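For reference, coords.pdb is printed below; it contains PDB, C-alpha atoms.
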```
ATOM      1  CA  MET A1154       9.685 -16.654  -3.147  1.00  0.00           C
ATOM      2  CA  ALA A1155       5.997 -15.800  -3.549  1.00  0.00           C
ATOM      3  CA  SER A1156       5.117 -19.186  -2.033  1.00  0.00           C
ATOM      4  CA  LEU A1157       6.652 -17.999   1.269  1.00  0.00           C
ATOM      5  CA  ILE A1158       4.105 -15.207   1.533  1.00  0.00           C
ATOM      6  CA  LYS A1159       1.070 -16.223   3.554  1.00  0.00           C
ATOM      7  CA  LEU A1160      -2.149 -14.269   3.213  1.00  0.00           C
ATOM      8  CA  ARG A1161      -5.006 -14.279   5.659  1.00  0.00           C
ATOM      9  CA  LYS A1162      -7.462 -16.927   4.567  1.00  0.00           C
ATOM     10  CA  ASN A1163     -10.531 -14.686   4.610  1.00  0.00           C
ATOM     11  CA  ILE A1164      -9.047 -12.233   2.111  1.00  0.00           C
ATOM     12  CA  THR A1165     -10.131 -13.540  -1.284  1.00  0.00           C
ATOM     13  CA  PRO A1166     -10.801 -11.713  -4.570  1.00  0.00           C
ATOM     14  CA  GLU A1167     -14.512 -12.345  -3.973  1.00  0.00           C
ATOM     15  CA  HIS A1168     -14.314 -10.758  -0.521  1.00  0.00           C
ATOM     16  CA  LEU A1169     -12.434  -7.726  -1.873  1.00  0.00           C
ATOM     17  CA  ASN A1170     -14.864  -7.277  -4.781  1.00  0.00           C
ATOM     18  CA  LYS A1171     -17.853  -7.429  -2.433  1.00  0.00           C
ATOM     19  CA  THR A1172     -16.417  -4.866  -0.019  1.00  0.00           C
ATOM     20  CA  TYR A1173     -15.772  -2.414  -2.868  1.00  0.00           C
ATOM     21  CA  ALA A1174     -19.136  -3.105  -4.525  1.00  0.00           C
ATOM     22  CA  ASP A1175     -20.842  -2.440  -1.168  1.00  0.00           C
ATOM     23  CA  ASN A1176     -18.874   0.841  -0.837  1.00  0.00           C
ATOM     24  CA  TYR A1177     -17.349  -0.360   2.424  1.00  0.00           C
ATOM     25  CA  TYR A1178     -14.260   1.709   1.624  1.00  0.00           C
ATOM     26  CA  ALA A1179     -16.148   4.929   0.813  1.00  0.00           C
ATOM     27  CA  TYR A1180     -14.307   6.695   3.663  1.00  0.00           C
ATOM     28  CA  LEU A1181     -11.142   6.516   1.538  1.00  0.00           C
ATOM     29  CA  HIS A1182     -12.531   9.410  -0.500  1.00  0.00           C
ATOM     30  CA  SER A1183     -13.243  11.701   2.430  1.00  0.00           C
ATOM     31  CA  ASP A1184     -11.175  14.877   2.722  1.00  0.00           C
ATOM     32  CA  GLU A1185     -10.309  13.970   6.293  1.00  0.00           C
ATOM     33  CA  PHE A1186      -8.896  10.572   5.305  1.00  0.00           C
ATOM     34  CA  LYS A1187      -6.914  12.058   2.445  1.00  0.00           C
ATOM     35  CA  GLU A1188      -5.440  14.773   4.681  1.00  0.00           C
ATOM     36  CA  THR A1189      -4.534  12.518   7.596  1.00  0.00           C
ATOM     37  CA  PHE A1190      -3.594   9.248   5.939  1.00  0.00           C
ATOM     38  CA  LEU A1191      -2.797   9.777   2.265  1.00  0.00           C
ATOM     39  CA  GLN A1192      -1.280  13.264   2.126  1.00  0.00           C
ATOM     40  CA  PRO A1193       1.814  12.379   4.202  1.00  0.00           C
ATOM     41  CA  ILE A1194       2.482   9.486   1.811  1.00  0.00           C
ATOM     42  CA  ALA A1195       1.927  11.726  -1.218  1.00  0.00           C
ATOM     43  CA  ASP A1196       4.187  14.403   0.274  1.00  0.00           C
ATOM     44  CA  PHE A1197       6.957  11.845   0.633  1.00  0.00           C
ATOM     45  CA  VAL A1198       6.433  10.282  -2.809  1.00  0.00           C
ATOM     46  CA  GLY A1199       6.156  13.664  -4.559  1.00  0.00           C
ATOM     47  CA  THR A1200       7.299  13.302  -8.167  1.00  0.00           C
ATOM     48  CA  GLN A1201       9.044   9.950  -7.686  1.00  0.00           C
ATOM     49  CA  SER A1202       7.691   6.871  -9.458  1.00  0.00           C
ATOM     50  CA  CYS A1203       5.381   4.899  -7.198  1.00  0.00           C
ATOM     51  CA  PHE A1204       4.164   1.295  -7.096  1.00  0.00           C
ATOM     52  CA  ASP A1205       1.120   1.275  -4.790  1.00  0.00           C
ATOM     53  CA  VAL A1206       0.402  -2.243  -3.539  1.00  0.00           C
ATOM     54  CA  GLY A1207      -3.199  -2.303  -2.355  1.00  0.00           C
ATOM     55  CA  CYS A1208      -4.152   0.824  -4.305  1.00  0.00           C
ATOM     56  CA  GLY A1209      -7.915   0.355  -4.095  1.00  0.00           C
ATOM     57  CA  GLU A1210      -9.631   2.871  -6.344  1.00  0.00           C
ATOM     58  CA  GLY A1211      -6.473   4.960  -6.738  1.00  0.00           C
ATOM     59  CA  ALA A1212      -6.955   7.544  -3.989  1.00  0.00           C
ATOM     60  CA  LEU A1213      -3.173   8.001  -3.609  1.00  0.00           C
ATOM     61  CA  ALA A1214      -2.840   8.465  -7.381  1.00  0.00           C
ATOM     62  CA  GLU A1215      -4.936  11.628  -7.070  1.00  0.00           C
ATOM     63  CA  LEU A1216      -2.272  13.184  -4.831  1.00  0.00           C
ATOM     64  CA  THR A1217       1.050  12.183  -6.434  1.00  0.00           C
ATOM     65  CA  GLN A1218       2.721  13.785  -9.457  1.00  0.00           C
ATOM     66  CA  GLY A1219       5.108  11.089 -10.731  1.00  0.00           C
ATOM     67  CA  MET A1220       4.511   7.874 -12.664  1.00  0.00           C
ATOM     68  CA  TYR A1221       2.049   5.779 -10.660  1.00  0.00           C
ATOM     69  CA  ILE A1222       1.357   2.049 -10.859  1.00  0.00           C
ATOM     70  CA  GLY A1223      -1.311   0.528  -8.649  1.00  0.00           C
ATOM     71  CA  ILE A1224      -2.400  -3.044  -8.040  1.00  0.00           C
ATOM     72  CA  ASP A1225      -5.272  -4.339  -5.983  1.00  0.00           C
ATOM     73  CA  GLY A1226      -6.954  -7.698  -5.546  1.00  0.00           C
ATOM     74  CA  SER A1227     -10.367  -6.201  -6.249  1.00  0.00           C
ATOM     75  CA  LYS A1228     -11.473  -6.068  -9.875  1.00  0.00           C
ATOM     76  CA  VAL A1229     -14.254  -3.652  -8.845  1.00  0.00           C
ATOM     77  CA  ALA A1230     -11.736  -1.200  -7.341  1.00  0.00           C
ATOM     78  CA  ILE A1231      -9.408  -1.387 -10.349  1.00  0.00           C
ATOM     79  CA  GLU A1232     -12.257  -0.832 -12.806  1.00  0.00           C
ATOM     80  CA  ARG A1233     -13.245   2.303 -10.859  1.00  0.00           C
ATOM     81  CA  ALA A1234      -9.628   3.539 -10.831  1.00  0.00           C
ATOM     82  CA  ILE A1235      -9.224   2.978 -14.570  1.00  0.00           C
ATOM     83  CA  GLU A1236     -12.437   4.882 -15.243  1.00  0.00           C
ATOM     84  CA  LYS A1237     -11.406   7.736 -12.950  1.00  0.00           C
ATOM     85  CA  PHE A1238      -8.005   8.190 -14.621  1.00  0.00           C
ATOM     86  CA  LYS A1239      -9.049   7.449 -18.213  1.00  0.00           C
ATOM     87  CA  GLY A1240      -6.759   9.327 -20.595  1.00  0.00           C
ATOM     88  CA  ASN A1241      -4.033   9.943 -17.987  1.00  0.00           C
ATOM     89  CA  ASN A1242      -0.933   8.207 -19.323  1.00  0.00           C
ATOM     90  CA  THR A1243       0.993   8.521 -16.036  1.00  0.00           C
ATOM     91  CA  ARG A1244      -1.480   6.306 -14.146  1.00  0.00           C
ATOM     92  CA  TYR A1245      -1.605   2.540 -14.625  1.00  0.00           C
ATOM     93  CA  PHE A1246      -3.827   0.101 -12.712  1.00  0.00           C
ATOM     94  CA  GLU A1247      -3.998  -3.686 -12.723  1.00  0.00           C
ATOM     95  CA  VAL A1248      -5.829  -6.387 -10.823  1.00  0.00           C
ATOM     96  CA  GLY A1249      -3.115  -8.283  -9.020  1.00  0.00           C
ATOM     97  CA  ARG A1250      -2.328 -10.277  -5.932  1.00  0.00           C
ATOM     98  CA  VAL A1251       0.140  -8.912  -3.406  1.00  0.00           C
ATOM     99  CA  GLU A1252       2.059 -12.199  -3.496  1.00  0.00           C
ATOM    100  CA  ASN A1253       2.197 -12.284  -7.304  1.00  0.00           C
ATOM    101  CA  PRO A1254       2.626  -8.707  -8.589  1.00  0.00           C
ATOM    102  CA  PRO A1255       3.113  -7.811 -12.240  1.00  0.00           C
ATOM    103  CA  GLU A1256       6.486  -6.972 -13.743  1.00  0.00           C
ATOM    104  CA  VAL A1257       6.627  -3.179 -13.724  1.00  0.00           C
ATOM    105  CA  GLY A1258      10.334  -2.444 -13.972  1.00  0.00           C
ATOM    106  CA  ARG A1259      12.199  -0.195 -11.559  1.00  0.00           C
ATOM    107  CA  VAL A1260      10.311   2.192  -9.281  1.00  0.00           C
ATOM    108  CA  ASP A1261      11.504   4.765  -6.753  1.00  0.00           C
ATOM    109  CA  VAL A1262       8.985   4.011  -4.009  1.00  0.00           C
ATOM    110  CA  VAL A1263       6.929   0.917  -3.171  1.00  0.00           C
ATOM    111  CA  VAL A1264       3.930   1.796  -1.003  1.00  0.00           C
ATOM    112  CA  PHE A1265       2.149  -0.858   1.017  1.00  0.00           C
ATOM    113  CA  SER A1266      -1.230   0.703   1.833  1.00  0.00           C
ATOM    114  CA  ALA A1267      -2.969  -1.226   4.619  1.00  0.00           C
ATOM    115  CA  ILE A1268      -1.564  -4.470   3.250  1.00  0.00           C
ATOM    116  CA  LEU A1269       0.553  -5.636   6.146  1.00  0.00           C
ATOM    117  CA  ASP A1270      -2.095  -5.131   8.819  1.00  0.00           C
ATOM    118  CA  PHE A1271      -5.089  -6.689   7.045  1.00  0.00           C
ATOM    119  CA  ILE A1272      -3.942  -9.049   4.316  1.00  0.00           C
ATOM    120  CA  VAL A1273      -0.492 -10.512   4.981  1.00  0.00           C
ATOM    121  CA  GLU A1274       0.255 -12.722   7.989  1.00  0.00           C
ATOM    122  CA  LYS A1275       2.921 -11.215  10.277  1.00  0.00           C
ATOM    123  CA  GLU A1276       5.484 -13.956   9.619  1.00  0.00           C
ATOM    124  CA  SER A1277       5.302 -13.051   5.920  1.00  0.00           C
ATOM    125  CA  HIS A1278       6.042  -9.322   6.273  1.00  0.00           C
ATOM    126  CA  VAL A1279       9.800  -9.608   5.756  1.00  0.00           C
ATOM    127  CA  PRO A1280       9.594 -12.174   2.902  1.00  0.00           C
ATOM    128  CA  LEU A1281       7.066  -9.906   1.181  1.00  0.00           C
ATOM    129  CA  LEU A1282       9.379  -6.891   1.361  1.00  0.00           C
ATOM    130  CA  GLU A1283      12.311  -8.976   0.195  1.00  0.00           C
ATOM    131  CA  TYR A1284      10.231 -10.118  -2.772  1.00  0.00           C
ATOM    132  CA  TYR A1285       9.508  -6.490  -3.706  1.00  0.00           C
ATOM    133  CA  LEU A1286      13.226  -5.638  -3.721  1.00  0.00           C
ATOM    134  CA  ARG A1287      13.166  -6.899  -7.312  1.00  0.00           C
ATOM    135  CA  TYR A1288      11.761  -3.492  -8.321  1.00  0.00           C
ATOM    136  CA  ARG A1289      14.950  -1.878  -6.947  1.00  0.00           C
ATOM    137  CA  PRO A1290      13.121   0.838  -4.992  1.00  0.00           C
ATOM    138  CA  LYS A1291      14.863   3.582  -3.064  1.00  0.00           C
ATOM    139  CA  TYR A1292      12.189   3.401  -0.367  1.00  0.00           C
ATOM    140  CA  PHE A1293       9.483   1.202   1.097  1.00  0.00           C
ATOM    141  CA  VAL A1294       6.566   3.102   2.606  1.00  0.00           C
ATOM    142  CA  ILE A1295       4.519   1.046   5.037  1.00  0.00           C
ATOM    143  CA  SER A1296       1.316   2.838   5.854  1.00  0.00           C
ATOM    144  CA  ASP A1297      -1.298   1.004   7.829  1.00  0.00           C
ATOM    145  CA  LEU A1298      -4.575   1.753   9.519  1.00  0.00           C
ATOM    146  CA  ILE A1299      -3.463   0.340  12.848  1.00  0.00           C
ATOM    147  CA  ARG A1300      -0.240   0.902  14.751  1.00  0.00           C
ATOM    148  CA  MET A1301       2.000  -1.936  13.650  1.00  0.00           C
ATOM    149  CA  ASP A1302       5.152  -3.253  15.214  1.00  0.00           C
ATOM    150  CA  CYS A1303       7.704  -2.864  12.407  1.00  0.00           C
ATOM    151  CA  SER A1304      10.636  -4.073  14.514  1.00  0.00           C
ATOM    152  CA  ASN A1305      10.970  -7.342  12.572  1.00  0.00           C
ATOM    153  CA  ILE A1306      11.140  -5.341   9.346  1.00  0.00           C
ATOM    154  CA  ALA A1307      13.592  -2.809  10.769  1.00  0.00           C
ATOM    155  CA  LYS A1308      15.775  -5.621  12.105  1.00  0.00           C
ATOM    156  CA  ARG A1309      15.891  -7.373   8.714  1.00  0.00           C
ATOM    157  CA  PHE A1310      16.768  -4.207   6.847  1.00  0.00           C
ATOM    158  CA  GLU A1311      19.167  -2.719   9.422  1.00  0.00           C
ATOM    159  CA  GLN A1312      22.108  -3.773   7.261  1.00  0.00           C
ATOM    160  CA  ILE A1313      20.875  -2.029   4.119  1.00  0.00           C
ATOM    161  CA  SER A1314      18.361   0.523   5.276  1.00  0.00           C
ATOM    162  CA  SER A1315      17.243   2.821   8.003  1.00  0.00           C
ATOM    163  CA  VAL A1316      13.944   4.270   9.051  1.00  0.00           C
ATOM    164  CA  VAL A1317      14.084   7.735   7.557  1.00  0.00           C
ATOM    165  CA  ARG A1318      10.670   8.910   8.622  1.00  0.00           C
ATOM    166  CA  THR A1319       7.956   7.753  10.979  1.00  0.00           C
ATOM    167  CA  VAL A1320       4.663   9.575  11.307  1.00  0.00           C
ATOM    168  CA  ASP A1321       2.089   8.744  13.978  1.00  0.00           C
ATOM    169  CA  TYR A1322      -1.419  10.109  13.684  1.00  0.00           C
ATOM    170  CA  ASP A1323      -4.015  10.765  16.345  1.00  0.00           C
ATOM    171  CA  ASP A1324      -7.339   8.961  16.236  1.00  0.00           C
ATOM    172  CA  VAL A1325      -9.431  10.499  13.497  1.00  0.00           C
ATOM    173  CA  GLU A1326     -13.019   9.826  12.437  1.00  0.00           C
ATOM    174  CA  PRO A1327     -14.391   7.784  10.767  1.00  0.00           C
ATOM    175  CA  ILE A1328     -11.894   4.984  11.370  1.00  0.00           C
ATOM    176  CA  LYS A1329     -10.997   5.695  15.006  1.00  0.00           C
ATOM    177  CA  ARG A1330      -7.676   3.911  14.852  1.00  0.00           C
ATOM    178  CA  THR A1331      -4.165   5.185  15.271  1.00  0.00           C
ATOM    179  CA  ARG A1332      -2.416   5.388  11.945  1.00  0.00           C
ATOM    180  CA  ARG A1333       1.257   5.144  11.195  1.00  0.00           C
ATOM    181  CA  MET A1334       3.588   5.566   8.254  1.00  0.00           C
ATOM    182  CA  ASP A1335       7.121   4.197   8.251  1.00  0.00           C
ATOM    183  CA  VAL A1336       9.548   4.918   5.442  1.00  0.00           C
ATOM    184  CA  PHE A1337      12.485   2.565   4.993  1.00  0.00           C
ATOM    185  CA  LYS A1338      15.436   3.603   2.813  1.00  0.00           C
ATOM    186  CA  VAL A1339      16.584   0.571   0.835  1.00  0.00           C
TER
END
```

Take the structure I supplied and represent it as structure tokens, if you would.
Amino acid sequence: MASLIKLRKNITPEHLNKTYADNYYAYLHSDEFKETFLQPIADFVGTQSCFDVGCGEGALAELTQGMYIGIDGSKVAIERAIEKFKGNNTRYFEVGRVENPPEVGRVDVVVFSAILDFIVEKESHVPLLEYYLRYRPKYFVISDLIRMDCSNIAKRFEQISSVVRTVDYDDVEPIKRTRRMDVFKV
């Protein structure tokens, strides 16, 4: 199944490591970003177990209360997350590829943080979600930095799921893009 998932060619581990090493994603730690982009996800996740695909340095882990597992393609980001949460036995981070995630067992919520808009080709969105059904989540949270058309995802999951929450955000500095969060009940 993982072979059906096509990633954008310019997204390599080297590229991801360089962007984190250069602090390109420093805005992820701003209060404004956390309030407008991450807090609605954290509010939904609450105390449920969470598998954060594209976790970066673990910004969402700071805001959730339940068991948290994060993967990211950047070794630099994961090393920073591990250091930040050292000694916290409810936070686990691993370098991993979105198309080849680790075995983590069952989780309540799988969060795709800016994965579908930047890393995965559109024709691979549905196969990717189907692949992540192996974790038997109750919900998929798709939260991206640009307004995405999730109709192909909604159509695929209309038999077994429904959109239970959609949040649109206004343009907010420093990103100046419309943000959106869709929650699919599986």

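Atom CA of Asn1253 of chain A lies 16.3 Å from atom CA of Leu1169 of chain A.
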
task = Would you mind reading off the distance between atom CA of Glu1276 of chain A and atom CA of Ala1212 of chain A, one decimal, in Å?
result =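 If I compute the distance from atom CA of Glu1276 of chain A to atom CA of Ala1212 of chain A, I get 28.3 Å.
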
task = Evaluate the PyMOL selection byres ((chain A and resi 1229) around 12) and record the selected residues as a PyMOL selection string, following the chain and residue labels used in the document.
result = chain A and resi 1166-1176+1178+1208-1211+1224-1228+1230-1236+1246-1248

ask   = Just so the selection is clear, what residues does the PyMOL selection byres ((chain A and resi 1213) around 10) cover here, as a list of chain:residue names?
value =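 Evaluating the PyMOL selection byres ((chain A and resi 1213) around 10) on this file yields A:Leu1181, A:His1182, A:Lys1187, A:Phe1190, A:Leu1191, A:Gln1192, A:Ile1194, A:Ala1195, A:Val1198, A:Cys1203, A:Asp1205, A:Cys1208, A:Gly1209, A:Glu1210, A:Gly1211, A:Ala1212, A:Ala1214, A:Glu1215, A:Leu1216, A:Thr1217, A:Tyr1221, A:Gly1223, A:Val1264, A:Ser1266.
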
Keeping C-alpha atoms for every residue in the selection just given, could you write it to a file as a PDB file, in the frame of the given file?
```
ATOM      1  CA  LEU A1181     -11.142   6.516   1.538  1.00  0.00           C
ATOM      2  CA  HIS A1182     -12.531   9.410  -0.500  1.00  0.00           C
ATOM      3  CA  LYS A1187      -6.914  12.058   2.445  1.00  0.00           C
ATOM      4  CA  PHE A1190      -3.594   9.248   5.939  1.00  0.00           C
ATOM      5  CA  LEU A1191      -2.797   9.777   2.265  1.00  0.00           C
ATOM      6  CA  GLN A1192      -1.280  13.264   2.126  1.00  0.00           C
ATOM      7  CA  ILE A1194       2.482   9.486   1.811  1.00  0.00           C
ATOM      8  CA  ALA A1195       1.927  11.726  -1.218  1.00  0.00           C
ATOM      9  CA  VAL A1198       6.433  10.282  -2.809  1.00  0.00           C
ATOM     10  CA  CYS A1203       5.381   4.899  -7.198  1.00  0.00           C
ATOM     11  CA  ASP A1205       1.120   1.275  -4.790  1.00  0.00           C
ATOM     12  CA  CYS A1208      -4.152   0.824  -4.305  1.00  0.00           C
ATOM     13  CA  GLY A1209      -7.915   0.355  -4.095  1.00  0.00           C
ATOM     14  CA  GLU A1210      -9.631   2.871  -6.344  1.00  0.00           C
ATOM     15  CA  GLY A1211      -6.473   4.960  -6.738  1.00  0.00           C
ATOM     16  CA  ALA A1212      -6.955   7.544  -3.989  1.00  0.00           C
ATOM     17  CA  ALA A1214      -2.840   8.465  -7.381  1.00  0.00           C
ATOM     18  CA  GLU A1215      -4.936  11.628  -7.070  1.00  0.00           C
ATOM     19  CA  LEU A1216      -2.272  13.184  -4.831  1.00  0.00           C
ATOM     20  CA  THR A1217       1.050  12.183  -6.434  1.00  0.00           C
ATOM     21  CA  TYR A1221       2.049   5.779 -10.660  1.00  0.00           C
ATOM     22  CA  GLY A1223      -1.311   0.528  -8.649  1.00  0.00           C
ATOM     23  CA  VAL A1264       3.930   1.796  -1.003  1.00  0.00           C
ATOM     24  CA  SER A1266      -1.230   0.703   1.833  1.00  0.00           C
TER      25      SER A1266
END
```

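Evaluated on this file, the PyMOL selection byres ((chain A and resi 1284-1291) around 8) matches Met1154, Ala1155, Val1257, Gly1258, Arg1259, Val1260, Asp1261, Val1262, Val1263, Pro1280, Leu1281, Leu1282, Glu1283, Tyr1292, Phe1293, Lys1338 and Val1339 of chain A.
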
inquiry  = Can you measure atom CA of Lys1239 of chain A to atom CA of Phe1204 of chain A for me? One decimal in Å is fine.
reply    =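 Separation of atom CA of Lys1239 of chain A and atom CA of Phe1204 of chain A: 18.3 Å.
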
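For the point (6.2, 6.1, 4.8), the residues with at least one atom inside 6 Å, counting only C-alpha atoms, are Ile1194, Val1294, Ile1295, Ser1296, Met1334, Asp1335 and Val1336 of chain A.
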
Set up a box along x, y and z of the file covering all listed atoms of segment 1214-1219 of chain A, add 8 Å on every one of the six sides, and write the centre and edge lengths in Å to one decimal, as JSON.
```
{"center_x": 0.1, "center_y": 11.1, "center_z": -7.8, "size_x": 26.0, "size_y": 21.3, "size_z": 21.9}
```

When you get a chance, write out N, CA and C atoms for segment 1229-1247 of chain A, as a PDB file, in the frame of the given file.
```
ATOM      1  N   VAL A1229     -13.330  -4.793  -8.944  1.00  0.00           N
ATOM      2  CA  VAL A1229     -14.254  -3.652  -8.845  1.00  0.00           C
ATOM      3  C   VAL A1229     -13.471  -2.367  -8.602  1.00  0.00           C
ATOM      4  N   ALA A1230     -12.536  -2.393  -7.657  1.00  0.00           N
ATOM      5  CA  ALA A1230     -11.736  -1.200  -7.341  1.00  0.00           C
ATOM      6  C   ALA A1230     -10.900  -0.772  -8.541  1.00  0.00           C
ATOM      7  N   ILE A1231     -10.266  -1.717  -9.206  1.00  0.00           N
ATOM      8  CA  ILE A1231      -9.408  -1.387 -10.349  1.00  0.00           C
ATOM      9  C   ILE A1231     -10.229  -0.817 -11.497  1.00  0.00           C
ATOM     10  N   GLU A1232     -11.392  -1.380 -11.745  1.00  0.00           N
ATOM     11  CA  GLU A1232     -12.257  -0.832 -12.806  1.00  0.00           C
ATOM     12  C   GLU A1232     -12.634   0.618 -12.506  1.00  0.00           C
ATOM     13  N   ARG A1233     -12.918   0.926 -11.251  1.00  0.00           N
ATOM     14  CA  ARG A1233     -13.245   2.303 -10.859  1.00  0.00           C
ATOM     15  C   ARG A1233     -12.034   3.217 -11.050  1.00  0.00           C
ATOM     16  N   ALA A1234     -10.843   2.732 -10.676  1.00  0.00           N
ATOM     17  CA  ALA A1234      -9.628   3.539 -10.831  1.00  0.00           C
ATOM     18  C   ALA A1234      -9.341   3.816 -12.305  1.00  0.00           C
ATOM     19  N   ILE A1235      -9.470   2.805 -13.131  1.00  0.00           N
ATOM     20  CA  ILE A1235      -9.224   2.978 -14.570  1.00  0.00           C
ATOM     21  C   ILE A1235     -10.195   4.004 -15.148  1.00  0.00           C
ATOM     22  N   GLU A1236     -11.439   3.924 -14.750  1.00  0.00           N
ATOM     23  CA  GLU A1236     -12.437   4.882 -15.243  1.00  0.00           C
ATOM     24  C   GLU A1236     -12.102   6.303 -14.775  1.00  0.00           C
ATOM     25  N   LYS A1237     -11.714   6.426 -13.527  1.00  0.00           N
ATOM     26  CA  LYS A1237     -11.406   7.736 -12.950  1.00  0.00           C
ATOM     27  C   LYS A1237     -10.221   8.412 -13.649  1.00  0.00           C
ATOM     28  N   PHE A1238      -9.226   7.628 -14.041  1.00  0.00           N
ATOM     29  CA  PHE A1238      -8.005   8.190 -14.621  1.00  0.00           C
ATOM     30  C   PHE A1238      -7.907   7.953 -16.131  1.00  0.00           C
ATOM     31  N   LYS A1239      -9.029   7.695 -16.763  1.00  0.00           N
ATOM     32  CA  LYS A1239      -9.049   7.449 -18.213  1.00  0.00           C
ATOM     33  C   LYS A1239      -8.375   8.618 -18.935  1.00  0.00           C
ATOM     34  N   GLY A1240      -7.450   8.296 -19.825  1.00  0.00           N
ATOM     35  CA  GLY A1240      -6.759   9.327 -20.595  1.00  0.00           C
ATOM     36  C   GLY A1240      -5.501   9.862 -19.930  1.00  0.00           C
ATOM     37  N   ASN A1241      -5.237   9.497 -18.687  1.00  0.00           N
ATOM     38  CA  ASN A1241      -4.033   9.943 -17.987  1.00  0.00           C
ATOM     39  C   ASN A1241      -2.949   8.891 -18.196  1.00  0.00           C
ATOM     40  N   ASN A1242      -1.948   9.203 -18.991  1.00  0.00           N
ATOM     41  CA  ASN A1242      -0.933   8.207 -19.323  1.00  0.00           C
ATOM     42  C   ASN A1242       0.169   8.064 -18.279  1.00  0.00           C
ATOM     43  N   THR A1243       0.030   8.717 -17.118  1.00  0.00           N
ATOM     44  CA  THR A1243       0.993   8.521 -16.036  1.00  0.00           C
ATOM     45  C   THR A1243       0.398   7.662 -14.917  1.00  0.00           C
ATOM     46  N   ARG A1244      -0.797   7.133 -15.144  1.00  0.00           N
ATOM     47  CA  ARG A1244      -1.480   6.306 -14.146  1.00  0.00           C
ATOM     48  C   ARG A1244      -1.817   4.960 -14.768  1.00  0.00           C
ATOM     49  N   TYR A1245      -1.378   3.882 -14.114  1.00  0.00           N
ATOM     50  CA  TYR A1245      -1.605   2.540 -14.625  1.00  0.00           C
ATOM     51  C   TYR A1245      -2.128   1.678 -13.490  1.00  0.00           C
ATOM     52  N   PHE A1246      -3.211   0.947 -13.741  1.00  0.00           N
ATOM     53  CA  PHE A1246      -3.827   0.101 -12.712  1.00  0.00           C
ATOM     54  C   PHE A1246      -4.004  -1.313 -13.239  1.00  0.00           C
ATOM     55  N   GLU A1247      -3.850  -2.286 -12.339  1.00  0.00           N
ATOM     56  CA  GLU A1247      -3.998  -3.686 -12.723  1.00  0.00           C
ATOM     57  C   GLU A1247      -4.524  -4.479 -11.540  1.00  0.00           C
TER      58      GLU A1247
END
```
